[in-house]
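What follows is one structure encoded as structure tokens, with my remarks underneath.
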Amino acid sequence: MTTVILGGAECVWRDLQRLQDMTLIDCIIATNDAGVVYPGHLNHWVTLHPEKMPAWWDQRLRHRLEPPDKVWFHRESSEFILPHEVLPDWGGSSGLLATQVALKLGSKKIVLCGVPMESTQHFFSERKLLGVTRYREGWVNYLSELTERVRSMSGWTAQLLGEPDDVWLKTQGENADGAQSST
């Protein structure tokens, strides 16, 4: 299964197009504002800002886009009353929380699009990502859990984890039950 994580950097849609030119995508996990505007089916929507999810949810529905299959946070939320799952915060941005979700789901190939972990503009505003150094620490702290299954299309995370290529995308991995998978 190839899973894509949609982050908030200005390169997200370019990264996604490059990945779609390389392989088929089985699962889409959006973070934050990417979940508001992504026009296709969202399997999962993830944020470290659960207090913002009610407004984002309403915006997605106003755009006549279907709701995601599941929502994930790093803590319980009294603001968002619809069902959601909670995972611990690894300290590396909503992109890392989305990566945790993909790992929990058993994804063998996880590709970050728009998650460069650099001080670049967001796709939805001229504001730049803040706290990059702090967020990078989370990625480095969990590197051993990411190395085999996660790649990135851009930026610092691509330098840390590598970019996906045909060989990596086509290699077989083991499912949780030990059976071989071709995705």
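Residues are named by chain letter and number: chains run A, B, ... in the order of the structure tokens, numbers start at 1 in each chain, and ligands are numbered from 1 in the order shown.
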
*Val111 (chain A): which residues within 12 Å, counting only C-alpha atoms, same-chain residues fewer than 6 positions away excluded, as number ranges by chain?*
A: 1-7, 12, 15-16, 18-20, 22-30, 95-96, 98-99, 102-103, 146-154, 157-158, 161-165, 168-169

Keeping only C-alpha atoms, write the selected residues to a file as an mmCIF file, in the first residue's frame.
data_model
loop_
_atom_site.group_PDB
_atom_site.id
_atom_site.type_symbol
_atom_site.label_atom_id
_atom_site.label_comp_id
_atom_site.auth_asym_id
_atom_site.auth_seq_id
_atom_site.Cartn_x
_atom_site.Cartn_y
_atom_site.Cartn_z
ATOM 1 C CA MET A 1 0.000 0.000 0.000
ATOM 2 C CA THR A 2 1.405 3.426 -0.982
ATOM 3 C CA THR A 3 0.223 6.150 1.332
ATOM 4 C CA VAL A 4 0.695 9.851 0.728
ATOM 5 C CA ILE A 5 0.863 12.477 3.465
ATOM 6 C CA LEU A 6 -0.330 15.922 2.316
ATOM 7 C CA GLY A 7 1.352 18.679 4.300
ATOM 8 C CA VAL A 12 2.515 20.130 -1.700
ATOM 9 C CA ASP A 15 5.104 17.097 -4.901
ATOM 10 C CA LEU A 16 1.812 15.225 -5.213
ATOM 11 C CA ARG A 18 5.376 14.218 -9.214
ATOM 12 C CA LEU A 19 4.429 11.249 -7.034
ATOM 13 C CA GLN A 20 1.281 10.518 -9.056
ATOM 14 C CA MET A 22 5.574 7.721 -10.483
ATOM 15 C CA THR A 23 3.041 5.404 -8.850
ATOM 16 C CA LEU A 24 -0.541 4.716 -7.857
ATOM 17 C CA ILE A 25 -1.638 5.948 -4.452
ATOM 18 C CA ASP A 26 -3.745 3.727 -2.211
ATOM 19 C CA CYS A 27 -4.335 6.014 0.768
ATOM 20 C CA ILE A 28 -4.454 9.802 1.250
ATOM 21 C CA ILE A 29 -3.768 11.317 4.662
ATOM 22 C CA ALA A 30 -4.151 15.095 4.769
ATOM 23 C CA GLY A 95 3.180 15.731 9.176
ATOM 24 C CA LEU A 96 4.894 13.426 11.654
ATOM 25 C CA ALA A 98 0.153 11.767 9.951
ATOM 26 C CA THR A 99 3.168 9.514 9.410
ATOM 27 C CA ALA A 102 0.227 5.599 8.300
ATOM 28 C CA LEU A 103 2.594 3.407 10.314
ATOM 29 C CA LEU A 146 10.789 5.799 9.660
ATOM 30 C CA THR A 147 13.861 4.822 7.653
ATOM 31 C CA GLU A 148 12.564 1.796 5.738
ATOM 32 C CA ARG A 149 8.969 2.862 5.121
ATOM 33 C CA VAL A 150 9.010 6.669 4.683
ATOM 34 C CA ARG A 151 10.323 8.879 1.870
ATOM 35 C CA SER A 152 9.795 12.554 1.075
ATOM 36 C CA MET A 153 9.383 14.481 -2.157
ATOM 37 C CA SER A 154 11.122 17.664 -0.971
ATOM 38 C CA THR A 157 12.823 15.458 5.058
ATOM 39 C CA ALA A 158 13.919 14.264 1.576
ATOM 40 C CA LEU A 161 14.722 9.996 4.557
ATOM 41 C CA GLY A 162 15.540 9.953 0.848
ATOM 42 C CA GLU A 163 13.209 10.482 -2.087
ATOM 43 C CA PRO A 164 11.080 7.663 -3.451
ATOM 44 C CA ASP A 165 12.391 6.029 -6.600
ATOM 45 C CA TRP A 168 11.902 1.619 -3.485
ATOM 46 C CA LEU A 169 8.331 1.960 -4.752
#

_For the strand (DSSP E) assignment from backbone DSSP, which residues of region 30-137 of chain A qualify? Please present them as a ChimeraX atom specification._
/A:30-31,44-46,70-73,85-86,109-113

*Using the chain letters and numbers from this document, which residues of region 5-182 of chain A does DSSP assign to alpha helix (DSSP H), as a ChimeraX atom specification?*
/A:12-22,34-37,53-62,93-105,132-141,143-146,155-161,166-170

*Would you mind telling me which residue in A:Pro50, A:Lys108, A:Arg136, A:Arg62 lies nearest to Phe80 (chain A) when using only C-alpha atoms?*
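Closest to Phe80 (chain A) of all the choices is A:Pro50.
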
Applying 9 Å and only C-alpha atoms, which residues near Asp89 (chain A) remain after dropping the ones on its own chain fewer than 5 positions away? List them as a tab-separated table (two decimals) with C-alpha atoms, in the first residue's frame.
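selection14.tsv, written as the output of this step:
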chain	number	residue	atom	x	y	z
A	48	LEU	CA	-2.01	18.86	16.05
A	73	PHE	CA	-5.46	14.10	16.90
A	74	HIS	CA	-2.60	13.97	19.41
A	75	ARG	CA	-4.95	14.67	22.33
A	94	SER	CA	1.22	17.42	11.98
A	96	LEU	CA	4.89	13.43	11.65
A	97	LEU	CA	1.57	12.69	13.37

*Mind giving me the straight-line distance from CA of Lys70 (chain A) to CA of Asn32 (chain A) in Å, one decimal?*
13.5 Å

_Given only C-alpha atoms as the basis, pick out the residue of A:Arg64, A:Gly8, A:Tyr135, A:Leu160 nearest to Gln121 (chain A)._
A:Gly8
